[in-house]
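Shown next: target.cif, given as mmCIF, C-alpha atoms.
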data_upload
#
loop_
_atom_site.label_atom_id
_atom_site.label_comp_id
_atom_site.auth_asym_id
_atom_site.auth_seq_id
_atom_site.Cartn_x
_atom_site.Cartn_y
_atom_site.Cartn_z
CA MET A 1 -44.40 -3.05 -12.47
CA GLU A 2 -42.79 -0.92 -15.15
CA PRO A 3 -39.07 -0.56 -14.70
CA ARG A 4 -37.74 2.97 -14.33
CA THR A 5 -34.31 3.46 -15.76
CA SER A 6 -31.79 5.16 -13.56
CA ASP A 7 -31.01 7.99 -15.96
CA GLU A 8 -34.45 8.55 -17.33
CA PRO A 9 -35.16 12.30 -17.49
CA SER A 10 -37.87 13.35 -15.13
CA MET A 11 -39.44 15.68 -17.67
CA SER A 12 -39.17 16.02 -21.40
CA LYS A 13 -36.14 18.04 -22.39
CA PRO A 14 -36.17 19.57 -25.83
CA SER A 15 -32.83 20.14 -27.44
CA PRO A 16 -30.46 21.83 -26.85
CA SER A 17 -29.28 19.96 -23.78
CA ASP A 18 -28.87 21.55 -20.37
CA GLY A 19 -25.12 21.37 -20.83
CA ALA A 20 -25.26 23.25 -24.11
CA LEU A 21 -27.47 25.92 -22.55
CA VAL A 22 -25.15 26.31 -19.59
CA LYS A 23 -22.22 26.83 -21.94
CA ARG A 24 -24.18 29.43 -23.88
CA VAL A 25 -25.00 31.30 -20.67
CA LEU A 26 -21.35 31.28 -19.68
CA GLY A 27 -20.56 32.59 -23.13
CA GLY A 28 -22.74 35.62 -22.45
CA ASP A 29 -26.11 34.46 -23.80
CA ARG A 30 -28.57 35.38 -21.04
CA THR A 31 -31.58 34.14 -22.99
CA ALA A 32 -30.23 30.60 -22.70
CA TYR A 33 -30.79 30.82 -18.97
CA ASP A 34 -34.43 31.74 -19.58
CA GLU A 35 -34.74 28.39 -21.31
CA LEU A 36 -33.19 26.64 -18.31
CA VAL A 37 -35.63 28.44 -16.01
CA GLN A 38 -38.60 27.38 -18.14
CA ARG A 39 -37.33 23.84 -18.13
CA HIS A 40 -36.67 23.43 -14.40
CA GLN A 41 -38.89 25.88 -12.51
CA ARG A 42 -41.78 23.44 -12.06
CA GLN A 43 -39.64 20.79 -10.49
CA ALA A 44 -37.80 23.35 -8.36
CA ALA A 45 -41.06 24.81 -7.08
CA ALA A 46 -42.58 21.38 -6.47
CA VAL A 47 -39.59 20.12 -4.50
CA SER A 48 -39.49 23.28 -2.43
CA TYR A 49 -43.25 23.18 -1.87
CA ARG A 50 -43.08 19.61 -0.61
CA LEU A 51 -40.22 20.42 1.68
CA LEU A 52 -41.72 23.62 3.05
CA GLY A 53 -45.42 22.85 2.90
CA ASN A 54 -46.15 26.43 1.92
CA LEU A 55 -46.58 27.69 -1.62
CA HIS A 56 -45.62 31.28 -0.92
CA ASP A 57 -42.34 30.22 0.67
CA ALA A 58 -41.74 27.73 -2.11
CA MET A 59 -42.07 30.44 -4.76
CA GLU A 60 -39.61 32.64 -2.88
CA VAL A 61 -37.14 29.83 -2.62
CA THR A 62 -37.57 28.91 -6.28
CA GLN A 63 -36.75 32.44 -7.38
CA ASP A 64 -33.82 32.67 -4.99
CA ALA A 65 -32.51 29.33 -6.19
CA MET A 66 -32.73 30.37 -9.83
CA LEU A 67 -30.81 33.57 -9.10
CA LYS A 68 -28.21 31.75 -7.03
CA ALA A 69 -27.75 29.13 -9.70
CA TYR A 70 -27.28 31.88 -12.31
CA THR A 71 -24.66 33.78 -10.37
CA SER A 72 -22.85 30.55 -9.39
CA LEU A 73 -23.07 28.93 -12.81
CA GLY A 74 -19.33 29.32 -13.37
CA THR A 75 -18.65 26.90 -10.53
CA LEU A 76 -20.75 24.10 -12.04
CA GLU A 77 -18.20 21.44 -12.98
CA LYS A 78 -20.52 19.24 -15.05
CA PRO A 79 -22.84 21.42 -17.15
CA GLU A 80 -24.99 18.39 -18.05
CA ALA A 81 -25.75 17.93 -14.36
CA PHE A 82 -27.45 21.33 -14.12
CA GLY A 83 -30.81 19.81 -13.06
CA GLY A 84 -29.45 17.87 -10.10
CA TRP A 85 -27.19 20.77 -9.14
CA LEU A 86 -30.14 23.18 -9.18
CA MET A 87 -32.18 20.80 -7.02
CA ARG A 88 -29.34 20.73 -4.53
CA ILE A 89 -29.53 24.53 -4.33
CA VAL A 90 -33.33 24.35 -4.03
CA SER A 91 -33.20 21.77 -1.25
CA ASN A 92 -30.48 23.62 0.66
CA LEU A 93 -32.35 26.91 0.44
CA SER A 94 -35.62 25.20 1.40
CA LEU A 95 -34.11 23.54 4.44
CA ASN A 96 -32.42 26.79 5.47
CA TYR A 97 -35.67 28.65 4.91
CA ARG A 98 -37.51 26.08 6.96
CA ARG A 99 -35.06 26.54 9.81
CA SER A 100 -35.15 30.31 9.79
CA ARG A 101 -38.72 30.78 8.63
CA LYS A 102 -37.95 34.38 7.94
CA VAL A 103 -40.61 36.41 6.25
CA ARG A 104 -39.57 37.91 2.95
CA SER A 105 -41.79 39.51 0.40
CA GLN A 106 -39.48 41.31 -1.99
CA LEU A 107 -41.24 39.93 -5.03
CA PRO A 108 -44.95 40.03 -5.68
CA LEU A 109 -46.26 36.49 -5.48
CA ASP A 110 -50.01 36.69 -5.35
CA ASP A 111 -50.37 37.05 -9.07
CA LEU A 112 -48.40 33.85 -9.58
CA MET A 113 -51.20 31.73 -8.16
CA GLY A 114 -53.49 30.14 -10.65
CA SER A 115 -57.17 30.90 -10.76
CA SER A 116 -58.03 27.50 -9.31
CA GLU A 117 -56.48 24.61 -7.46
CA SER A 118 -55.08 21.76 -9.44
CA GLU A 119 -57.61 19.46 -11.03
CA PRO A 120 -59.19 17.21 -8.40
CA SER A 121 -58.85 13.51 -8.88
CA GLU A 122 -61.90 11.27 -9.10
CA GLY A 123 -61.63 10.37 -5.42
CA GLU A 124 -61.44 14.01 -4.39
CA LEU A 125 -64.93 14.69 -5.74
CA ASP A 126 -66.30 12.82 -2.72
CA PRO A 127 -66.17 15.36 0.21
CA ALA A 128 -65.72 12.64 2.84
CA ARG A 129 -62.87 11.08 0.95
CA THR A 130 -61.43 14.50 0.23
CA MET A 131 -61.43 15.34 3.92
CA ALA A 132 -59.91 12.00 4.84
CA GLY A 133 -57.34 12.44 2.10
CA LYS A 134 -56.44 15.91 3.35
CA GLU A 135 -56.07 14.65 6.89
CA LEU A 136 -53.90 11.80 5.78
CA GLY A 137 -51.92 14.19 3.58
CA ALA A 138 -51.28 16.44 6.58
CA LYS A 139 -50.17 13.46 8.64
CA ILE A 140 -47.85 12.31 5.89
CA GLN A 141 -46.39 15.80 5.66
CA GLN A 142 -45.84 15.79 9.41
CA ALA A 143 -44.26 12.34 9.24
CA LEU A 144 -42.04 13.42 6.35
CA SER A 145 -40.79 16.35 8.38
CA GLU A 146 -39.68 13.92 11.10
CA LEU A 147 -37.38 11.99 8.77
CA PRO A 148 -33.66 12.64 8.53
CA GLU A 149 -32.93 15.21 5.80
CA LYS A 150 -31.49 12.83 3.21
CA GLN A 151 -34.35 10.38 3.55
CA ARG A 152 -36.88 13.17 3.25
CA LEU A 153 -35.14 14.68 0.23
CA ALA A 154 -34.79 11.29 -1.43
CA LEU A 155 -38.50 10.54 -0.97
CA VAL A 156 -39.59 13.97 -2.18
CA MET A 157 -37.33 14.02 -5.23
CA PHE A 158 -37.45 10.37 -6.25
CA THR A 159 -40.84 9.11 -5.11
CA ILE A 160 -43.00 12.20 -5.32
CA GLN A 161 -41.27 14.22 -8.05
CA GLU A 162 -40.09 11.13 -9.91
CA MET A 163 -36.70 12.61 -10.63
CA SER A 164 -34.14 10.19 -12.01
CA GLN A 165 -31.87 8.43 -9.50
CA LYS A 166 -28.91 10.13 -11.14
CA ASP A 167 -30.34 13.62 -10.63
CA VAL A 168 -31.32 12.81 -7.06
CA ALA A 169 -27.83 11.50 -6.41
CA GLU A 170 -26.39 14.74 -7.81
CA ALA A 171 -28.76 16.80 -5.68
CA LEU A 172 -27.97 14.85 -2.52
CA GLY A 173 -24.25 14.58 -3.25
CA CYS A 174 -24.28 10.80 -2.92
CA SER A 175 -24.26 7.65 -5.03
CA VAL A 176 -27.23 6.14 -6.84
CA GLU A 177 -27.06 3.15 -4.47
CA ALA A 178 -27.27 5.51 -1.52
CA VAL A 179 -30.37 7.12 -3.05
CA LYS A 180 -32.10 3.72 -3.19
CA TRP A 181 -31.16 3.10 0.42
CA HIS A 182 -32.36 6.52 1.61
CA VAL A 183 -35.68 6.01 -0.18
CA PHE A 184 -36.10 2.61 1.43
CA GLN A 185 -35.17 3.80 4.90
CA GLY A 186 -37.49 6.79 4.53
CA ARG A 187 -40.38 4.57 3.46
CA LYS A 188 -39.75 2.16 6.28
CA LYS A 189 -39.79 4.93 8.87
CA LEU A 190 -42.89 6.53 7.37
CA LYS A 191 -44.64 3.16 7.52
CA GLU A 192 -43.73 2.87 11.16
CA ILE A 193 -44.85 6.43 11.99
CA LEU A 194 -48.11 6.05 10.07
CA LYS A 195 -48.93 2.46 11.02
CA ASP A 196 -52.08 3.51 12.89
CA GLN A 197 -53.24 5.85 10.14
CA MET A 198 -53.25 3.53 7.17
CA MET B 1 -31.09 -17.85 -1.39
CA GLN B 2 -33.77 -16.87 1.11
CA MET B 3 -33.93 -13.16 1.90
CA ASN B 4 -34.34 -11.99 5.46
CA ARG B 5 -37.05 -9.47 6.36
CA GLU B 6 -34.83 -6.41 5.81
CA GLU B 7 -33.61 -7.65 2.44
CA LEU B 8 -37.16 -8.52 1.42
CA GLU B 9 -38.45 -5.04 2.26
CA TYR B 10 -35.52 -3.40 0.46
CA ALA B 11 -36.23 -5.51 -2.62
CA ILE B 12 -39.93 -4.61 -2.46
CA SER B 13 -39.07 -0.90 -2.14
CA GLN B 14 -37.04 -1.10 -5.34
CA TYR B 15 -39.65 -3.29 -6.98
CA ILE B 16 -42.43 -0.74 -6.62
CA ASP B 17 -40.08 1.89 -8.08
CA GLY B 18 -39.32 -0.42 -11.01
CA ILE B 19 -35.58 -0.32 -10.37
CA LEU B 20 -34.96 -3.84 -9.09
CA PRO B 21 -32.39 -5.63 -11.29
CA PRO B 22 -33.90 -8.38 -13.50
CA LEU B 23 -32.51 -11.39 -11.65
CA GLU B 24 -33.59 -10.11 -8.24
CA ARG B 25 -36.91 -9.12 -9.67
CA SER B 26 -37.55 -12.66 -10.89
CA ALA B 27 -36.57 -14.05 -7.52
CA LEU B 28 -38.90 -11.63 -5.73
CA GLU B 29 -41.80 -12.41 -8.03
CA GLU B 30 -41.32 -16.11 -7.37
CA ARG B 31 -41.46 -15.47 -3.66
CA LEU B 32 -44.49 -13.21 -3.95
CA ALA B 33 -46.30 -15.99 -5.76
CA THR B 34 -45.91 -18.34 -2.82
CA ASP B 35 -45.42 -16.15 0.26
CA ALA B 36 -48.53 -14.42 1.62
CA GLU B 37 -46.52 -12.38 4.10
CA ALA B 38 -44.35 -11.01 1.31
CA ARG B 39 -47.47 -10.05 -0.62
CA ALA B 40 -48.83 -8.29 2.47
CA ILE B 41 -45.62 -6.28 2.79
CA LEU B 42 -45.80 -5.37 -0.88
CA GLY B 43 -49.38 -4.18 -0.36
CA GLU B 44 -48.34 -1.99 2.58
CA TYR B 45 -45.55 -0.34 0.62
CA GLN B 46 -47.77 0.23 -2.41
CA GLN B 47 -50.45 1.84 -0.25
CA LEU B 48 -47.87 4.04 1.46
CA ASN B 49 -46.33 5.03 -1.85
CA SER B 50 -49.67 6.00 -3.29
CA ALA B 51 -50.52 8.05 -0.20
CA ILE B 52 -47.16 9.85 -0.33
CA LYS B 53 -47.61 10.79 -3.96
CA GLN B 54 -51.10 12.15 -3.37
CA SER B 55 -50.34 13.75 -0.04
CA MET B 56 -49.62 17.21 -1.34
CA PRO B 57 -50.92 18.03 -4.79
CA MET B 58 -49.18 20.97 -6.37
CA PRO B 59 -51.47 24.02 -6.64
CA SER B 60 -51.90 25.69 -9.97
CA ILE B 61 -49.16 28.20 -10.75
CA GLN B 62 -48.77 30.77 -13.50
CA TRP B 63 -45.46 29.42 -14.66
CA ASP B 64 -44.96 31.99 -17.41
CA ARG B 65 -45.31 34.81 -14.90
CA LEU B 66 -42.89 33.15 -12.52
CA ALA B 67 -40.37 32.82 -15.34
CA GLU B 68 -40.87 36.50 -16.22
CA GLN B 69 -40.27 37.56 -12.63
CA ILE B 70 -37.13 35.49 -12.45
CA GLY B 71 -36.02 36.95 -15.78
CA ARG B 72 -36.48 40.51 -14.51
CA ALA B 73 -34.52 39.71 -11.37
CA LEU B 74 -31.78 38.15 -13.47
CA ASP B 75 -31.43 41.36 -15.48
CA GLU B 76 -30.10 43.03 -12.35
CA GLU B 77 -27.54 40.32 -11.72
CA GLU B 78 -24.00 40.29 -13.02
CA ALA B 79 -23.49 37.78 -15.80
CA PRO B 80 -21.77 34.59 -14.66
CA THR B 81 -18.37 33.70 -16.00
CA GLN B 82 -16.52 30.43 -16.17
CA ASN B 83 -14.49 29.94 -13.06
CA TYR B 84 -11.07 28.97 -14.38
CA LYS B 85 -9.23 29.84 -11.20
CA LEU B 86 -10.06 26.65 -9.36
CA HIS B 87 -9.26 24.48 -12.34
CA SER B 88 -5.94 26.19 -13.05
CA ALA B 89 -4.94 25.92 -9.39
CA GLN B 90 -5.61 22.21 -9.52
CA TRP B 91 -3.48 21.89 -12.64
CA VAL B 92 -0.64 23.79 -11.03
CA ARG B 93 -0.77 21.45 -8.05
CA ARG B 94 -0.83 18.40 -10.27
CA LEU B 95 2.09 19.69 -12.34
CA ALA B 96 4.09 20.45 -9.22
CA ILE B 97 3.51 16.93 -7.89
CA ALA B 98 4.44 15.39 -11.24
CA ALA B 99 7.62 17.48 -11.44
CA ALA B 100 8.62 16.48 -7.92
CA ILE B 101 8.11 12.79 -8.73
CA LEU B 102 10.13 13.09 -11.96
CA LEU B 103 12.92 14.85 -10.13
CA ALA B 104 13.01 12.20 -7.41
CA VAL B 105 13.05 9.39 -9.99
CA GLY B 106 15.70 11.15 -12.08
CA VAL B 107 18.00 11.48 -9.09
CA SER B 108 17.47 8.01 -7.66
CA ILE B 109 17.77 5.89 -10.83
CA PRO B 110 21.49 6.62 -11.56
CA MET B 111 22.29 5.82 -7.94
CA LEU B 112 20.42 2.54 -8.07
CA ARG B 113 22.24 1.49 -11.25
CA ARG B 114 25.57 1.05 -9.37
CA PRO B 115 25.02 -2.04 -7.30
CA GLY B 116 27.53 -2.66 -4.55
CA THR B 117 29.38 0.52 -4.97
CA ASN B 118 29.75 3.40 -2.70
CA PRO B 119 28.15 6.62 -3.58
CA ALA B 120 29.89 8.48 -6.37
CA PRO B 121 33.13 10.21 -5.29
CA THR B 122 32.77 13.68 -4.20
CA GLY B 123 33.95 16.14 -6.82
CA LEU B 124 37.15 18.10 -6.19
CA ALA B 125 36.46 21.74 -5.94
CA VAL B 126 39.32 24.07 -6.88
CA ILE B 127 38.86 27.46 -5.41
CA SER B 128 41.08 30.20 -6.74
CA GLY B 129 41.55 33.58 -5.20
CA PRO B 130 44.13 36.32 -4.80
CA ALA B 131 47.61 35.23 -3.76
CA PRO B 132 48.70 36.26 -0.30
CA GLU B 133 50.32 39.63 -0.42
CA VAL B 134 54.01 39.79 0.39
CA SER B 135 54.74 42.82 2.41
CA GLN B 136 57.38 45.05 0.93
CA VAL B 137 57.97 46.57 4.31
CA ALA B 138 60.29 44.94 6.73
CA SER B 139 58.46 43.23 9.52
CA VAL B 140 60.78 44.91 11.98
CA GLU B 141 61.53 48.54 11.65
CA GLN B 142 64.35 50.24 13.36
CA ILE B 143 63.77 53.62 14.71
CA GLN B 144 66.34 55.73 16.41
CA ILE B 145 65.71 57.02 19.84
CA GLY B 146 67.89 59.20 21.88
CA PRO B 147 69.02 62.72 21.46
CA ALA B 148 68.46 64.46 18.20
CA PRO B 149 71.45 64.45 15.91
CA ASN B 150 71.88 68.17 16.27
CA ILE B 151 72.35 67.84 20.00
CA ALA B 152 74.27 64.58 19.95
CA SER B 153 77.55 66.26 20.72
CA ASN B 154 76.03 67.64 23.88
CA TRP B 155 75.10 64.15 25.10
CA GLN B 156 78.56 62.62 25.24
CA ASN B 157 79.12 63.81 28.78
CA SER B 158 76.11 62.18 30.13
CA GLU B 159 76.92 58.48 30.75
CA ASP B 160 73.61 57.44 32.27
CA ILE B 161 71.68 58.48 29.20
CA VAL B 162 74.10 56.83 26.73
CA ALA B 163 73.78 53.59 28.68
CA ARG B 164 70.08 53.36 27.82
CA PRO B 165 68.94 51.39 24.76
CA THR B 166 69.30 53.32 21.62
CA ILE B 167 67.16 51.07 19.38
CA VAL B 168 63.53 49.87 19.92
CA LEU B 169 62.18 47.13 17.73
CA ILE B 170 58.62 47.80 16.72
CA ASP B 171 56.64 44.95 15.24
CA GLN B 172 54.56 45.34 12.07
CA VAL B 173 50.90 44.41 12.37
CA ASN B 174 50.23 41.27 10.33
CA SER B 175 47.37 40.77 7.90
CA SER B 176 45.11 39.08 10.44
CA GLY B 177 45.19 42.14 12.60
CA GLN B 178 46.97 40.31 15.43
CA ASP B 179 50.30 41.38 16.71
CA ASN B 180 53.22 39.04 16.18
CA ASP B 181 55.44 38.30 19.07
CA LEU B 182 58.18 40.72 19.50
CA TYR B 183 61.56 39.51 18.41
#

Would you mind writing the structure in this file as structure tokens?
Amino acid sequence: MEPRTSDEPSMSKPSPSDGALVKRVLGGDRTAYDELVQRHQRQAAAVSYRLLGNLHDAMEVTQDAMLKAYTSLGTLEKPEAFGGWLMRIVSNLSLNYRRSRKVRSQLPLDDLMGSSESEPSEGELDPARTMAGKELGAKIQQALSELPEKQRLALVMFTIQEMSQKDVAEALGCSVEAVKWHVFQGRKKLKEILKDQM
Amino acid sequence: MQMNREELEYAISQYIDGILPPLERSALEERLATDAEARAILGEYQQLNSAIKQSMPMPSIQWDRLAEQIGRALDEEEAPTQNYKLHSAQWVRRLAIAAAILLAVGVSIPMLRRPGTNPAPTGLAVISGPAPEVSQVASVEQIQIGPAPNIASNWQNSEDIVARPTIVLIDQVNSSGQDNDLY
């Protein structure tokens, strides 16, 4: 089992750092924010998608989160923590969106979808296994939605998105130790909910 | 030390994430080597973890287009500025607290340096002001009553009038506005 360091970045980050980009944005350089968007939009969209279970909604939330983060950037106390802070905005907006489920279509989204689904894994080439996998996936999604918010967020960000513990802690507004505990509790409950399915 | 079931599962959860500290990791691996139940629990968590990760594959997205859309939306937003207000308010509060502490210490230390003595004597305040005015007017004024001088000669025949008091003492009003007793 390969150890995962607590502050390992979840995706490669070319220089300059997030903190340097944030300072440039606050200094009036709007293009620096484009770089931050490019760097974090995949993770933001993926987290939102896994919380909402709907790609269209996830894209809306991702765009809203990026705009909210931009307009609120002056309140970010630790510029280096931009990633975790953005994920907090994404998760809050996703959970609010999930509660309200309001329909918004201010921005065209259809042309954002790729021409094909993501590459199927070897197992997915077998229709029977694909179907079983989809069913299990739906059950896992349902089980995830039954977890307390922090456990669900911790599992989505840490286990599925493989964000660093530090970023997850920043996003959840808790300690790294608490992140470990939320992940464990979430897994334990999922195991209990899905005991007849696995 | 033997772990209970909860501790074992927590250790396994961290183990599959690769974040279990080295010493605990060694201890867990020793137990896994000899404890079939522990290995079964590890297998369950690994299977669950794998299922979670594959449960919802991310569809293909045109990321460049998404970034462009966000960029266009950002063009309509007001540029963010550093929020100094909150920070400065915190500094003002901290400075005020520090000043209050310094003031309290500055006042209390000289008092504490005089063991067994009473508090310092109260200072004598000398208040100066205008001296009380001495009235140049007599406090009692005599006024004449009775017949006017030009008719005085005509009054001599009238005894009952002459017998009446010819002088009335009228008191002067003092500075406090209260009347003194009549003499």

>> Evaluate the PyMOL selection byres ((chain A and resi 137) around 12) against this structure - the residues, as a ChimeraX atom specification, please.
In response: /A:50,53,129-136,138-144,194,197-198 /B:48,50-57

May I have a table of the residues of chain B lying at most 9 Å from chain A, giving each one's closest pair of atoms and their distance in Å to one decimal, counting only C-alpha atoms, ordered by chain and ascending residue number, as a tab-separated table?
residue	atom	partner	partner_atom	distance
B:Glu9	CA	A:Phe184	CA	8.0
B:Tyr10	CA	A:Phe184	CA	6.1
B:Ser13	CA	A:Phe184	CA	5.8
B:Gln14	CA	A:Lys180	CA	7.2
B:Tyr15	CA	A:Met1	CA	7.3
B:Ile16	CA	A:Met1	CA	6.6
B:Asp17	CA	A:Arg4	CA	6.8
B:Gly18	CA	A:Pro3	CA	3.7
B:Ile19	CA	A:Pro3	CA	5.6
B:Leu20	CA	A:Pro3	CA	7.7
B:Glu44	CA	A:Lys191	CA	8.0
B:Tyr45	CA	A:Arg187	CA	7.7
B:Gln47	CA	A:Met198	CA	8.1
B:Leu48	CA	A:Lys191	CA	6.9
B:Asn49	CA	A:Thr159	CA	7.6
B:Ala51	CA	A:Gly137	CA	7.3
B:Ile52	CA	A:Ile140	CA	6.7
B:Lys53	CA	A:Ile160	CA	5.0
B:Gln54	CA	A:Gly137	CA	7.3
B:Ser55	CA	A:Gly137	CA	4.0
B:Met56	CA	A:Gly137	CA	6.2
B:Pro57	CA	A:Ser118	CA	7.3
B:Met58	CA	A:Ala46	CA	6.6
B:Pro59	CA	A:Ser118	CA	5.1
B:Ser60	CA	A:Gly114	CA	4.8
B:Ile61	CA	A:Gly114	CA	4.7
B:Gln62	CA	A:Leu112	CA	5.0
B:Trp63	CA	A:Leu112	CA	7.4
B:Asp64	CA	A:Gln38	CA	7.9
B:Arg65	CA	A:Leu112	CA	6.2
B:Leu66	CA	A:Leu112	CA	6.3
B:Ala67	CA	A:Gln38	CA	6.4
B:Glu68	CA	A:Asp34	CA	8.7
B:Gln69	CA	A:Leu107	CA	8.0
B:Ile70	CA	A:Gln63	CA	5.9
B:Gly71	CA	A:Asp34	CA	6.6
B:Ala73	CA	A:Leu67	CA	7.5
B:Leu74	CA	A:Leu67	CA	6.4
B:Asp75	CA	A:Arg30	CA	8.7
B:Glu77	CA	A:Thr71	CA	7.3
B:Glu78	CA	A:Thr71	CA	7.1
B:Ala79	CA	A:Thr71	CA	6.8
B:Pro80	CA	A:Thr71	CA	5.2
B:Thr81	CA	A:Gly74	CA	5.2
B:Gln82	CA	A:Gly74	CA	4.1
B:Asn83	CA	A:Gly74	CA	4.9
B:Tyr84	CA	A:Gly74	CA	8.3
B:Leu86	CA	A:Thr75	CA	8.7

>> Taking the file as I've supplied it (selection: the PyMOL selection byres ((chain A and resi 86) around 8)), which residues are included? Please answer as an MDAnalysis selection string.
In response: chainID A and resid 44 65:66 69 82:85 87:90 171

Any chance you can output those residues with C-alpha atoms as a JSON list (two decimals), in the frame of the given file?
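Listing of out-v6.json after writing:
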[["chain", "number", "residue", "atom", "x", "y", "z"],
["A", 44, "ALA", "CA", -37.80, 23.35, -8.36],
["A", 65, "ALA", "CA", -32.51, 29.33, -6.19],
["A", 66, "MET", "CA", -32.73, 30.37, -9.83],
["A", 69, "ALA", "CA", -27.75, 29.13, -9.70],
["A", 82, "PHE", "CA", -27.45, 21.33, -14.12],
["A", 83, "GLY", "CA", -30.81, 19.81, -13.06],
["A", 84, "GLY", "CA", -29.45, 17.87, -10.10],
["A", 85, "TRP", "CA", -27.19, 20.77, -9.14],
["A", 87, "MET", "CA", -32.18, 20.80, -7.02],
["A", 88, "ARG", "CA", -29.34, 20.73, -4.53],
["A", 89, "ILE", "CA", -29.53, 24.53, -4.33],
["A", 90, "VAL", "CA", -33.33, 24.35, -4.03],
["A", 171, "ALA", "CA", -28.76, 16.80, -5.68]]

>> If the PyMOL selection byres ((chain B and resi 30-40) around 10) were run on this exact file, what residues would it hold? Put them as a list in words.
In response: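 What the PyMOL selection byres ((chain B and resi 30-40) around 10) grabs from the file is Gln2, Met3, Arg5, Leu8, Glu9, Ile12, Glu24, Arg25, Ser26, Ala27, Leu28, Glu29, Ile41, Leu42, Gly43, Glu44, Tyr45 and Gln46 of chain B.
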
> atom CA of Ala32 of chain A and atom CA of Ala20 of chain A, how far apart in Å?
Replying inline: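 That distance, rounded to one decimal, is 9.0 Å.
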